[in-house]
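K.L.:
Sharing a structure with you now.
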Amino acid sequence: PFSTRVTAPARSLALTFDRLLSQGDFPKKVHTILKRLEEAYRVPVDIEFAVEDETLFILQCRPLGGSGHTARVPIPSGIPAGDQVFAANRYISNGNLRDVRYVVLIDPRDYHQIDSVDRRLELARTVGRINDALQDETFILMGPGRWGSQDIRLGVQVTYADICNAAALIEIARTSDGYTPEPSFGTHFFQDLTEDGILYLPLYPDEDGQLFNEEVLLNSPNSLAELSPKDEAHADVVRVIDIQRAHPGRTLTFTMDGELQQALCYLR
């Protein structure tokens with residue numbers, strides 16, 4: 001409105017940014033800022049900003065995920081069913097990990113049976129200590145979605161420092177009481193993963209086209225006590241699978257093909 005007096009009822013009003021985008025130099029300023037940041041980062045970026053009077057403040061700047069700089073790696077065919085650990089066909093970007101040594105797994109069913117808030121919070125510290133112990137190894141971290149959630153009913157309340165050494169983060173979204181957790185897309189946590197090059201995948205074991213051959217992991221020896229003796233009491237919930245120990249002479253490969261929207265983790 002051009003005046004401060006609005007006589008229309010509230011239900012008929014809508015807030016838009018039409019005049020901001022069509023008049024003045026605001027769009028030009030933002031365009032200039034985005035192009036300069038893209039030149040500096042060498043990839044497109046997103047920003048958070050605030051405006052006070054005529055001054056525009058940049059609050060946050062992050063490279064955009066999915067910028068196309070990761071080369072596509074096709075998924076091989078003919079992998080025996082018994083060697084396939086998990087597969088997905090939703091929200092896939094390009095990525096490839098070879099020679100994965102460890103898988104750290106918190107089964108959502110075990111996690112949701114924990115009644116103690118203190119123990120759920122302690123599990124996050126356990127993950128942090130595993131993350132430190134495996135900082136020189138290639139490992140995949142799998143657990144109930146959403147990782148890093150402030151609501152401990154939805155996922156393990158880790159900080160980014162607790163998972164920063166993982167090569168890939170998998171959010172297992174099992175349906176419980178008719179509810180399936182939402183993935184982390186759009187959150188600051190997800191943007192941290194993207195910026196650090198940590199592969200991300202939501203896995204929906206209860207949906208068609210998804211595969212989770214969890215027996216490969218659940219039937220493997222648990223190396224938690226060897227890596228973090230302090231956390232041995234949590235071995236009933238936290239599993240650390242040393243692939244070389246469980247499957248001598250073999251490693252895991254995790255490949256994501258964004259073009260075909262297919263992802264597969266398999267023994268080789």
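In the structure tokens, chains take the letters A, B, ... in the order shown, each chain's residues start at 1, and ligands count up from 1 in the order shown.
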Near Glu137 in chain A, counting only C-alpha atoms, which residues have an atom at most 9 Å away, once you skip same-chain residues fewer than 2 positions from it, shown as a PyMOL selection string?
P.N.:
chain A and resi 100-102+133-135+139+165-167
K.L.:
The selected residues should be written to file as a PDB file, in the first residue's frame (atoms: N, CA and C atoms).
P.N.:
ATOM      1  N   VAL A 100      35.948 -48.356   1.443  1.00  0.00           N
ATOM      2  CA  VAL A 100      35.375 -47.981   2.733  1.00  0.00           C
ATOM      3  C   VAL A 100      35.719 -49.066   3.752  1.00  0.00           C
ATOM      4  N   ARG A 101      36.363 -48.680   4.840  1.00  0.00           N
ATOM      5  CA  ARG A 101      36.852 -49.651   5.825  1.00  0.00           C
ATOM      6  C   ARG A 101      35.819 -49.933   6.924  1.00  0.00           C
ATOM      7  N   TYR A 102      35.110 -48.887   7.362  1.00  0.00           N
ATOM      8  CA  TYR A 102      34.207 -49.034   8.501  1.00  0.00           C
ATOM      9  C   TYR A 102      32.798 -48.533   8.171  1.00  0.00           C
ATOM     10  N   ALA A 133      38.186 -41.266  16.617  1.00  0.00           N
ATOM     11  CA  ALA A 133      39.022 -42.465  16.489  1.00  0.00           C
ATOM     12  C   ALA A 133      39.228 -42.861  15.034  1.00  0.00           C
ATOM     13  N   LEU A 134      38.266 -42.532  14.185  1.00  0.00           N
ATOM     14  CA  LEU A 134      38.331 -42.939  12.770  1.00  0.00           C
ATOM     15  C   LEU A 134      38.704 -41.785  11.844  1.00  0.00           C
ATOM     16  N   GLN A 135      39.324 -40.760  12.376  1.00  0.00           N
ATOM     17  CA  GLN A 135      39.593 -39.574  11.556  1.00  0.00           C
ATOM     18  C   GLN A 135      40.506 -39.867  10.364  1.00  0.00           C
ATOM     19  N   PHE A 139      34.971 -43.996   6.456  1.00  0.00           N
ATOM     20  CA  PHE A 139      33.849 -44.692   7.080  1.00  0.00           C
ATOM     21  C   PHE A 139      32.520 -44.044   6.714  1.00  0.00           C
ATOM     22  N   ASN A 165      34.288 -36.269  10.302  1.00  0.00           N
ATOM     23  CA  ASN A 165      35.274 -37.119   9.626  1.00  0.00           C
ATOM     24  C   ASN A 165      34.632 -38.217   8.780  1.00  0.00           C
ATOM     25  N   ALA A 166      33.319 -38.331   8.831  1.00  0.00           N
ATOM     26  CA  ALA A 166      32.635 -39.348   8.033  1.00  0.00           C
ATOM     27  C   ALA A 166      32.768 -39.029   6.550  1.00  0.00           C
ATOM     28  N   ALA A 167      32.890 -40.074   5.741  1.00  0.00           N
ATOM     29  CA  ALA A 167      32.931 -39.883   4.290  1.00  0.00           C
ATOM     30  C   ALA A 167      31.526 -39.814   3.708  1.00  0.00           C
TER      31      ALA A 167
END
K.L.:
Report, in Å with one decimal, the straight-line distance from CA of Ile114 in chain A to CA of Asp236 in chain A.
P.N.:
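Computing it gives 10.9 Å between the two atoms.
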K.L.:
One decimal, in Å: what's the spacing between CA of Gly128 in chain A and CA of Phe189 in chain A?
P.N.:
15.3 Å
K.L.:
Running DSSP on the backbone, which parts of range 93-142 of chain A land in helix (DSSP H, G or I), as a list in words?
P.N.:
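Residues of range 93-142 of chain A classed as helix (DSSP H, G or I): Pro108, Arg109, Asp110, Tyr111, His112, Val117, Asp118, Arg119, Arg120, Leu121, Glu122, Leu123, Ala124, Arg125, Thr126, Val127, Gly128, Arg129, Ile130, Asn131, Asp132 and Ala133 of chain A.
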